[in-house]
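What follows is the content of entry-v2.txt, which has compact mmCIF, C-alpha atoms:
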```
# COMPACT_ATOMS: atom_id res chain seq x y z
CA MET A 800 99.40 91.22 106.30
CA ASP A 801 102.05 89.87 108.66
CA ALA A 802 104.43 92.51 107.36
CA PHE A 803 102.56 95.15 109.34
CA ASN A 804 103.95 94.57 112.80
CA THR A 805 102.64 96.75 115.60
CA SER A 806 106.14 96.98 117.05
CA MET A 807 107.73 98.44 113.91
CA SER A 808 109.24 101.91 114.07
CA LEU A 809 108.01 104.30 111.42
CA PRO A 810 110.29 106.83 109.70
CA PHE A 811 108.36 109.80 111.04
CA SER A 812 106.26 110.75 114.05
CA TYR A 813 102.94 110.26 112.25
CA THR A 814 102.98 113.84 111.03
CA PHE A 815 103.93 115.54 107.80
CA THR A 816 105.32 119.05 107.64
CA ILE A 817 103.34 120.88 104.98
CA THR A 818 104.38 123.75 102.77
CA GLY A 819 102.81 125.26 99.71
CA SER A 820 99.41 126.42 98.58
CA SER A 821 97.63 123.65 100.46
CA CYS A 822 98.14 125.43 103.76
CA THR A 823 95.00 127.39 104.49
CA THR A 824 93.56 128.87 107.62
CA SER A 825 90.99 126.53 109.12
CA THR A 826 87.64 127.81 110.27
CA ASN A 827 86.04 127.09 113.60
CA SER A 828 84.43 123.69 113.05
CA THR A 829 82.67 123.65 116.41
CA SER A 830 80.03 126.07 115.14
CA ASN A 831 79.32 123.94 112.08
CA PRO A 832 76.23 121.75 112.62
CA TRP A 833 77.57 119.24 110.08
CA MET A 834 80.45 118.49 112.48
CA ASP A 835 78.16 117.74 115.41
CA SER A 836 79.77 114.88 117.36
CA ARG A 837 76.33 113.44 118.13
CA ILE A 838 75.97 112.69 114.41
CA TRP A 839 79.50 111.47 113.69
CA SER A 840 79.68 109.26 116.77
CA LYS A 841 76.77 107.17 115.46
CA LEU A 842 78.32 106.40 112.06
CA PRO A 843 79.21 102.71 111.52
CA GLN A 844 82.92 101.99 111.82
CA ARG A 845 82.91 100.42 108.36
CA LEU A 846 81.68 103.69 106.86
CA LEU A 847 84.28 105.69 108.78
CA ASP A 848 86.98 103.34 107.49
CA ARG A 849 85.87 104.01 103.93
CA VAL A 850 86.13 107.76 104.51
CA ILE A 851 89.60 107.41 106.04
CA ALA A 852 90.75 105.18 103.17
CA PHE A 853 90.20 108.09 100.78
CA LEU A 854 92.46 110.43 102.75
CA PRO A 855 95.82 111.38 101.21
CA PRO A 856 98.80 110.08 103.23
CA PRO A 857 99.55 113.29 105.21
CA ALA A 858 95.90 113.57 106.33
CA PHE A 859 95.81 109.87 107.20
CA PHE A 860 98.83 110.08 109.48
CA ARG A 861 97.45 113.18 111.17
CA ALA A 862 94.12 111.39 111.69
CA ARG A 863 95.89 108.54 113.49
CA SER A 864 96.37 110.82 116.47
CA VAL A 865 92.59 111.16 116.99
CA CYS A 866 92.03 107.90 118.86
CA LYS A 867 93.52 104.52 119.63
CA ARG A 868 91.45 102.72 117.01
CA TRP A 869 92.46 105.08 114.20
CA TYR A 870 96.05 104.81 115.31
CA GLY A 871 95.87 101.04 114.84
CA LEU A 872 94.38 101.18 111.33
CA LEU A 873 97.85 100.95 109.83
CA PHE A 874 98.13 97.46 111.34
CA SER A 875 94.56 96.32 110.64
CA SER A 876 94.31 93.67 107.92
CA SER A 877 90.64 94.45 107.22
CA PHE A 878 91.33 98.19 106.82
CA LEU A 879 94.36 97.65 104.60
CA GLU A 880 92.38 95.29 102.36
CA LEU A 881 89.68 97.96 102.07
CA TYR A 882 92.35 100.61 101.45
CA MET A 883 93.84 98.65 98.55
CA GLN A 884 90.41 98.26 96.98
CA ILE A 885 89.09 101.83 97.11
CA SER A 886 91.93 104.24 97.86
CA PRO A 887 92.52 106.63 94.93
CA ARG A 888 95.92 106.70 93.24
CA HIS A 889 98.16 109.65 94.03
CA HIS A 890 100.55 110.62 91.23
CA TRP A 891 103.25 112.15 93.41
CA PHE A 892 106.98 112.59 93.04
CA LEU A 893 109.87 111.68 95.33
CA PHE A 894 113.06 113.70 95.21
CA PHE A 895 116.51 113.21 96.68
CA LYS A 896 119.62 115.35 96.77
CA HIS A 897 121.53 114.58 93.61
CA LYS A 898 124.84 112.76 94.03
CA THR A 899 127.51 113.69 91.51
CA LEU A 900 130.23 111.33 90.33
CA LYS A 901 132.67 113.49 92.27
CA SER A 902 130.85 112.71 95.53
CA TYR A 903 131.01 108.96 94.83
CA ILE A 904 134.77 109.11 94.22
CA TYR A 905 135.34 111.23 97.33
CA ARG A 906 133.33 108.87 99.51
CA ASN A 907 135.04 105.74 98.17
CA ASN A 908 138.46 107.27 98.80
CA THR A 909 137.74 108.59 102.29
CA GLY A 910 134.70 106.71 103.63
CA SER A 911 136.41 103.39 104.33
CA GLY A 912 137.82 104.58 107.58
CA GLY A 913 135.04 103.77 109.99
CA ASN A 914 132.92 106.73 111.09
CA GLY A 915 133.21 108.93 108.02
CA ASP A 916 129.87 107.92 106.58
CA ASN A 917 127.90 110.86 105.20
CA ARG A 918 124.21 109.93 104.93
CA THR A 919 123.26 112.45 102.25
CA ASN A 920 120.22 110.42 101.23
CA CYS A 921 118.73 109.65 104.65
CA GLU A 922 115.73 111.81 103.78
CA GLY A 923 113.58 112.37 100.75
CA TYR A 924 111.22 115.10 99.64
CA LEU A 925 107.70 114.24 98.54
CA PHE A 926 106.00 116.61 96.12
CA ASP A 927 102.23 116.68 95.72
CA PRO A 928 101.48 118.17 92.26
CA TYR A 929 97.76 118.51 93.02
CA ASP A 930 98.21 120.86 95.99
CA ILE A 931 101.72 122.09 95.06
CA ALA A 932 102.96 121.01 98.48
CA TRP A 933 106.25 119.58 99.77
CA TYR A 934 106.68 116.98 102.51
CA ARG A 935 109.79 115.52 104.07
CA ILE A 936 110.18 111.83 104.84
CA SER A 937 113.00 109.88 106.47
CA PHE A 938 114.94 106.94 105.05
CA ASN A 939 117.06 106.27 108.12
CA LEU A 940 116.27 102.56 107.94
CA VAL A 941 118.10 102.24 104.61
CA PRO A 942 121.71 101.13 105.25
CA SER A 943 124.55 103.46 104.29
CA GLY A 944 126.22 102.88 100.94
CA PHE A 945 122.96 102.71 98.96
CA SER A 946 121.40 105.18 96.53
CA PRO A 947 117.81 105.48 95.20
CA ALA A 948 117.49 104.09 91.69
CA SER A 949 113.84 103.50 90.79
CA SER A 950 110.29 103.37 92.14
CA SER A 951 107.07 101.53 91.37
CA GLY A 952 103.91 100.44 93.15
CA GLY A 953 104.69 102.32 96.37
CA LEU A 954 108.18 100.78 96.66
CA VAL A 955 111.50 102.58 96.25
CA CYS A 956 114.46 100.58 94.93
CA TRP A 957 117.89 101.30 96.42
CA VAL A 958 121.09 99.95 94.86
CA SER A 959 124.50 99.46 96.46
CA ASP A 960 127.10 102.07 95.50
CA GLU A 961 130.25 99.96 95.55
CA ALA A 962 131.54 98.49 92.32
CA GLY A 963 130.87 94.77 92.00
CA THR A 964 127.79 92.61 92.19
CA LYS A 965 124.85 94.83 93.06
CA THR A 966 122.52 94.43 96.02
CA LEU A 967 119.04 95.93 95.74
CA ILE A 968 116.64 96.88 98.54
CA LEU A 969 112.92 97.56 98.13
CA CYS A 970 111.59 100.04 100.67
CA ASN A 971 108.10 101.27 101.51
CA PRO A 972 108.92 104.61 103.17
CA LEU A 973 105.42 105.20 104.56
CA VAL A 974 105.54 102.15 106.83
CA GLY A 975 109.30 101.76 107.09
CA THR A 976 109.64 98.24 105.65
CA LEU A 977 112.76 96.94 103.88
CA SER A 978 113.09 93.83 101.71
CA GLN A 979 116.34 92.69 100.16
CA LEU A 980 116.79 91.08 96.77
CA PRO A 981 119.59 88.57 96.16
CA PRO A 982 122.78 90.07 94.70
CA THR A 983 123.17 90.28 90.95
CA LEU A 984 125.49 87.80 89.28
CA ARG A 985 127.68 90.16 87.26
CA PRO A 986 129.89 92.94 88.66
CA ARG A 987 128.87 96.44 87.59
CA LEU A 988 129.67 100.08 88.38
CA PHE A 989 126.63 102.36 87.91
CA PRO A 990 124.07 100.32 85.95
CA SER A 991 120.64 101.43 84.80
CA ILE A 992 117.87 100.04 87.01
CA GLY A 993 114.30 99.30 85.92
CA LEU A 994 111.56 98.32 88.39
CA THR A 995 107.90 97.47 87.89
CA VAL A 996 105.64 96.34 90.72
CA SER A 997 102.07 95.11 90.26
CA PRO A 998 99.69 93.75 92.92
CA THR A 999 100.91 90.23 92.10
CA SER A 1000 104.47 90.51 90.74
CA ILE A 1001 107.86 92.21 90.98
CA ALA A 1002 110.22 92.57 88.01
CA VAL A 1003 113.64 94.21 87.98
CA ALA A 1004 116.14 94.78 85.16
CA VAL A 1005 119.78 95.77 85.71
CA ALA A 1006 121.60 96.82 82.55
CA GLY A 1007 124.99 98.10 81.45
CA ASP A 1008 128.19 99.31 83.09
CA ASP A 1009 129.64 95.78 83.16
CA LEU A 1010 133.03 95.71 84.87
CA ILE A 1011 135.37 94.09 82.35
CA SER A 1012 138.39 94.93 84.53
CA PRO A 1013 138.99 96.80 87.80
CA TYR A 1014 139.48 99.97 85.74
CA ALA A 1015 137.14 99.64 82.78
CA VAL A 1016 133.41 99.28 82.13
CA LYS A 1017 131.41 98.46 79.04
CA ASN A 1018 127.69 98.22 78.29
CA LEU A 1019 127.34 94.52 77.53
CA SER A 1020 124.52 92.75 79.33
CA THR A 1021 121.22 92.82 81.19
CA GLU A 1022 120.14 90.75 84.18
CA SER A 1023 116.49 90.28 85.07
CA PHE A 1024 114.73 89.35 88.31
CA HIS A 1025 111.09 88.25 88.42
CA ILE A 1026 108.73 86.79 90.99
CA ASP A 1027 104.94 86.53 90.93
CA ALA A 1028 102.02 85.15 92.92
CA GLY A 1029 101.69 82.23 90.51
CA GLY A 1030 104.83 80.70 91.97
CA PHE A 1031 107.18 81.55 89.10
CA TYR A 1032 110.46 83.25 89.90
CA SER A 1033 113.77 83.90 88.15
CA ILE A 1034 116.67 85.08 90.31
CA TRP A 1035 118.84 86.96 87.83
CA GLY A 1036 118.70 83.83 85.69
CA THR A 1037 117.50 85.65 82.57
CA THR A 1038 120.25 87.54 80.78
CA SER A 1039 120.43 89.29 77.43
CA SER A 1040 122.99 91.25 75.44
CA LEU A 1041 122.68 94.99 74.94
CA PRO A 1042 122.83 96.42 71.41
CA ARG A 1043 126.35 97.12 70.17
CA LEU A 1044 127.92 100.50 70.87
CA CYS A 1045 125.13 101.67 73.17
CA SER A 1046 125.62 104.33 75.83
CA LEU A 1047 123.19 104.30 78.77
CA GLU A 1048 124.21 107.59 80.32
CA SER A 1049 120.84 108.35 81.84
CA GLY A 1050 121.16 105.58 84.45
CA ARG A 1051 117.40 104.99 84.65
CA MET A 1052 114.67 103.09 82.86
CA VAL A 1053 111.00 103.81 82.24
CA TYR A 1054 108.41 101.02 82.23
CA VAL A 1055 105.48 101.11 79.80
CA GLU A 1056 103.26 98.13 78.87
CA GLY A 1057 105.69 95.25 79.25
CA LYS A 1058 108.84 97.07 78.16
CA PHE A 1059 111.63 99.04 79.81
CA TYR A 1060 112.86 102.08 77.88
CA CYS A 1061 116.02 104.15 78.28
CA MET A 1062 117.88 106.81 76.31
CA ASN A 1063 120.87 105.92 74.18
CA TYR A 1064 123.44 108.62 73.53
CA SER A 1065 125.86 109.42 70.67
CA PRO A 1066 123.74 109.52 68.59
CA PHE A 1067 120.42 109.85 70.37
CA SER A 1068 118.04 106.92 70.12
CA VAL A 1069 115.70 105.01 72.41
CA LEU A 1070 116.53 101.51 73.63
CA ALA A 1071 113.63 99.20 74.47
CA TYR A 1072 113.83 95.97 76.45
CA ASP A 1073 110.96 93.59 75.82
CA ILE A 1074 110.61 91.69 79.11
CA PRO A 1075 108.63 88.62 77.89
CA ALA A 1076 110.80 88.24 74.76
CA ASN A 1077 114.03 89.03 76.66
CA ASN A 1078 115.54 91.11 73.87
CA TRP A 1079 116.60 94.71 73.17
CA PHE A 1080 115.87 96.82 70.11
CA LYS A 1081 116.44 100.41 69.04
CA ILE A 1082 113.83 103.05 68.22
CA GLN A 1083 114.91 106.09 66.25
CA ALA A 1084 114.36 109.34 68.14
CA PRO A 1085 112.57 112.28 66.44
CA MET A 1086 114.83 115.12 65.25
CA ARG A 1087 117.72 113.28 66.87
CA ARG A 1088 120.42 115.55 65.43
CA PHE A 1089 118.89 118.61 67.03
CA LEU A 1090 117.93 117.33 70.49
CA ARG A 1091 119.39 118.54 73.76
CA SER A 1092 118.86 116.95 77.20
CA PRO A 1093 116.41 114.29 76.00
CA SER A 1094 114.49 112.41 78.72
CA LEU A 1095 111.98 109.59 78.65
CA VAL A 1096 108.97 109.70 80.95
CA GLU A 1097 105.84 107.61 81.44
CA SER A 1098 102.52 109.40 81.45
CA ARG A 1099 99.11 107.73 81.62
CA GLY A 1100 100.47 104.49 80.18
CA LYS A 1101 102.30 106.17 77.29
CA LEU A 1102 106.00 106.75 76.61
CA ILE A 1103 106.86 110.42 76.12
CA LEU A 1104 110.16 111.94 74.97
CA VAL A 1105 110.91 115.41 76.35
CA ALA A 1106 113.78 117.42 74.85
CA ALA A 1107 114.95 120.86 73.84
CA VAL A 1108 115.20 121.42 70.09
CA GLU A 1109 117.97 123.62 68.71
CA LYS A 1110 117.55 123.99 64.98
CA SER A 1111 118.13 127.71 64.53
CA LYS A 1112 120.22 127.32 61.35
CA LEU A 1113 117.13 126.06 59.55
CA ASN A 1114 115.01 129.01 60.70
CA VAL A 1115 113.14 126.87 63.26
CA PRO A 1116 112.83 128.56 66.66
CA LYS A 1117 114.37 126.90 69.68
CA SER A 1118 111.83 125.19 71.85
CA LEU A 1119 111.09 122.43 74.34
CA ARG A 1120 108.89 119.72 72.87
CA LEU A 1121 107.09 116.54 73.87
CA TRP A 1122 106.63 113.55 71.57
CA GLY A 1123 104.48 110.49 72.24
CA LEU A 1124 105.39 107.01 71.00
CA GLN A 1125 102.53 105.59 68.97
CA ALA A 1126 101.02 102.13 69.32
CA CYS A 1127 103.10 100.77 66.42
CA GLY A 1128 106.18 101.26 68.60
CA THR A 1129 108.32 103.07 66.01
CA THR A 1130 106.58 106.38 65.22
CA TRP A 1131 106.67 109.56 67.32
CA VAL A 1132 104.06 112.31 67.21
CA GLU A 1133 104.59 115.76 68.71
CA ILE A 1134 101.96 116.29 71.40
CA GLU A 1135 102.99 119.55 73.04
CA ARG A 1136 105.41 122.46 72.77
CA MET A 1137 106.35 124.86 75.54
CA PRO A 1138 105.02 128.38 74.85
CA LEU A 1139 107.76 130.53 73.32
CA GLN A 1140 107.66 133.22 76.00
CA LEU A 1141 107.95 130.62 78.76
CA TYR A 1142 110.74 128.83 76.90
CA MET A 1143 112.74 132.06 76.68
CA GLN A 1144 112.39 132.43 80.45
CA PHE A 1145 113.23 128.75 80.96
CA ALA A 1146 116.31 128.95 78.70
CA GLU A 1147 117.60 131.98 80.61
CA VAL A 1148 117.34 130.15 83.92
CA GLU A 1149 118.69 126.91 82.50
CA GLY A 1150 121.71 128.62 80.94
CA GLY A 1151 122.70 125.62 78.85
CA ASN A 1152 123.26 123.39 81.90
CA GLY A 1153 120.66 120.91 80.78
CA PHE A 1154 117.65 119.44 82.54
CA ASN A 1155 116.14 116.15 83.67
CA CYS A 1156 112.52 115.05 83.53
CA VAL A 1157 110.27 112.67 85.41
CA GLY A 1158 106.63 111.91 84.66
CA HIS A 1159 103.77 110.41 86.63
CA GLY A 1160 100.12 110.24 85.65
CA GLU A 1161 99.11 113.50 84.03
CA PHE A 1162 102.15 115.41 85.36
CA ILE A 1163 105.71 115.95 84.10
CA VAL A 1164 108.37 117.70 86.20
CA ILE A 1165 111.30 119.34 84.38
CA MET A 1166 114.26 119.92 86.73
CA ILE A 1167 117.07 122.28 85.76
CA ARG A 1168 120.47 120.82 86.51
CA GLY A 1169 122.61 122.61 89.07
CA SER A 1170 119.69 124.48 90.62
CA ASP A 1171 116.49 124.04 92.60
CA LYS A 1172 114.34 125.41 89.76
CA ALA A 1173 111.72 123.14 88.19
CA LEU A 1174 108.65 123.37 85.97
CA LEU A 1175 105.45 121.34 86.31
CA PHE A 1176 103.41 120.50 83.21
CA ASP A 1177 99.85 119.20 83.52
CA ILE A 1178 99.16 117.28 80.31
CA CYS A 1179 95.39 117.14 80.78
CA ARG A 1180 94.99 120.85 81.48
CA LYS A 1181 97.84 121.96 79.17
CA ARG A 1182 99.14 124.09 82.01
CA TRP A 1183 102.75 125.03 82.79
CA GLN A 1184 103.86 126.46 86.13
CA TRP A 1185 107.03 126.96 88.15
CA ILE A 1186 107.32 124.78 91.24
CA PRO A 1187 108.17 126.56 94.51
CA PRO A 1188 111.63 125.46 95.75
CA CYS A 1189 111.74 122.67 98.27
CA PRO A 1190 111.92 124.38 101.70
CA TYR A 1191 113.90 121.54 103.27
CA LEU A 1192 117.09 122.04 101.26
CA ARG A 1193 119.32 123.81 103.70
CA GLY A 1194 122.32 125.91 102.77
CA GLY A 1195 121.40 126.51 99.12
CA CYS A 1196 123.72 125.82 96.19
CA ASP A 1197 127.48 126.10 96.15
CA ASN A 1198 129.48 127.49 93.25
CA ASN A 1199 129.15 124.22 91.34
CA GLY A 1200 125.40 124.01 91.83
CA GLU A 1201 125.71 121.12 94.25
CA GLY A 1202 123.58 120.89 97.36
CA CYS A 1203 120.29 121.94 95.79
CA GLU A 1204 119.93 119.85 92.63
CA LEU A 1205 117.31 117.14 93.01
CA TYR A 1206 117.03 113.65 91.54
CA GLY A 1207 113.40 112.71 90.98
CA LEU A 1208 111.33 109.53 90.82
CA ALA A 1209 107.67 108.92 90.11
CA TYR A 1210 106.19 107.78 93.41
CA GLU A 1211 102.75 106.51 94.38
CA PRO A 1212 102.40 106.57 98.20
CA ARG A 1213 100.79 103.38 99.48
CA LEU A 1214 100.10 102.24 103.03
CA ALA A 1215 100.14 98.59 101.97
CA THR A 1216 102.37 96.73 99.51
CA PRO A 1217 101.55 93.07 100.22
CA VAL A 1218 103.33 91.93 97.04
CA ILE A 1219 106.59 92.33 98.93
CA SER A 1220 105.70 89.20 100.92
CA LEU A 1221 106.51 87.18 97.78
CA LEU A 1222 110.19 87.70 98.55
CA ASP A 1223 109.73 85.67 101.74
CA GLN A 1224 109.31 82.61 99.52
CA LEU A 1225 112.94 82.84 98.51
CA THR A 1226 114.83 80.78 101.06
CA LEU A 1227 118.34 81.34 99.74
CA PRO A 1228 120.79 82.58 102.41
CA PHE A 1229 121.19 86.25 101.54
CA PRO A 1230 123.58 88.41 103.57
CA SER A 1231 121.86 90.54 106.20
CA PHE A 1232 122.35 94.20 107.05
CA ASN A 1233 123.39 95.49 110.42
CA GLY A 1234 122.10 98.90 111.44
```
Could you write out this file's structure as structure tokens?
Amino acid sequence: MDAFNTSMSLPFSYTFTITGSSCTTSTNSTSNPWMDSRIWSKLPQRLLDRVIAFLPPPAFFRARSVCKRWYGLLFSSSFLELYMQISPRHHWFLFFKHKTLKSYIYRNNTGSGGNGDNRTNCEGYLFDPYDIAWYRISFNLVPSGFSPASSSGGLVCWVSDEAGTKTLILCNPLVGTLSQLPPTLRPRLFPSIGLTVSPTSIAVAVAGDDLISPYAVKNLSTESFHIDAGGFYSIWGTTSSLPRLCSLESGRMVYVEGKFYCMNYSPFSVLAYDIPANNWFKIQAPMRRFLRSPSLVESRGKLILVAAVEKSKLNVPKSLRLWGLQACGTTWVEIERMPLQLYMQFAEVEGGNGFNCVGHGEFIVIMIRGSDKALLFDICRKRWQWIPPCPYLRGGCDNNGEGCELYGLAYEPRLATPVISLLDQLTLPFPSFNG
């Protein structure tokens, strides 16, 4: 637990700003006999630590202001070991302001002149689907010129924006730690990034957008990074060829049971990368000729395809449907369909602009492009509901819908990610960041 240094600066002042239905008026606890300090003061510290370990992150950081000992729990090896053993998983989401290709081009043409850096992604927006609450969190420690690409195991992966070999940073935003991976070997523009983090390993895949000249890209190859507690590591040494004529326009990958999945366009299909076998293969998408805005999400260990279906010429009503990939790996089964009345409302708001999806645990968020509107679907309860807009997006949307559209990642907040210490074993001289 050496990574938890008592002198580190955290990205917030140990408080979360809360909005949403979770804000309720508290009652006077002093009149409650169950809150008698004479009882609570006699509880063993070990028992108190177990109670605190069950707190969600916002409540934990508020509790740190109670006393000096609770403040130091974030740096206590014994508490963090207990936390990793018993703390419940939180299937949250992390959103960022969406960067368009136009903003990349503008920055690359004007941002090379010194102080013109616009840190549009220096903060993120956490969404708690259980309490329908938004929180804001800072990413000021992340250097400029990086964009969020993926998330797993409490870590957020940031990738360098400039064309060329890509540098990746793994960040734990709750404790403000940064760890750098060695640069990739092949130059790329905007590749798709896959990340999976377990308690004992880190695996990353970078695919597509190979720079074949200063002015042209082509989806040709994949590079893989792996390191685990058993002492095995591969620093971008494992490469594989992508299927011919593939188009990875989604820019993201979804990890499910040893494989990375991503959408292939024109025509629609699903590409799967088998990590142990180091090879790609195609999976035919359901109703592929009639899909619109297809997205892949992971939910409870299963791969789910979410898409709008437009098949009106065959007397089939338009709808938004969810299919689950079966254990055989080639067959899809429809598992849910948005109620028709809700879909009519959704289609009116969406206006043909398209939508993106992200899934985590039992929840799927459907974000309408060019707006701050989003739907939340609870798979277990079969419940659909509109998400209140994020209150931290200032200024609203412009005429092009920019400024309010969000890019989402599945995010599990964790106070401790000790697996990141595996990167300290790599002794190669990587370039360092300043500021």
Legend entry - Proximity to Ser876 in chain A - best of A:Met1062, A:Ala962, A:Leu1214, A:Glu1022, only C-alpha atoms: A:Leu1214
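Nearest to Tyr1210 in chain A of all the residues A:Asp848, A:Asp835, A:Glu1109, A:Glu1097 is A:Glu1097, based on all atoms listed in the file.
All residues that come within 7 Å of the coordinates (129.1, 96.0, 82.5), counting all atoms listed in the file, are given as Pro986, Arg987, Gly1007, Asp1008, Asp1009, Leu1010, Ile1011, Val1016, Lys1017, Asn1018, Leu1019 and Ser1020 of chain A.
Between Gln1184 in chain A and the residues A:Ile931, A:Arg1099, A:Cys921, A:Glu1147, the shortest atom-to-atom distance, using only C-alpha atoms, involves A:Ile931.
When CA of Val941 in chain A is paired with CA of Thr976 in chain A, their separation reads 9.4 Å.
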Set up a box along x, y and z of the file covering all listed atoms of range 949-953 of chain A, add 5 Å on every one of the six sides, and write the centre and edge lengths in Å to one decimal, as lines of an AutoDock Vina configuration file.
```
center_x = 108.9
center_y = 102.0
center_z = 93.6
size_x = 19.9
size_y = 13.1
size_z = 15.6
```
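Straight-line separation from CA of Pro1217 in chain A to CA of Leu940 in chain A: 19.1 Å.
Nearest residue to Gln979 in chain A among A:Asn1063, A:Ser1220, A:Thr966, A:Ser1000 is A:Thr966, counting all atoms listed in the file.
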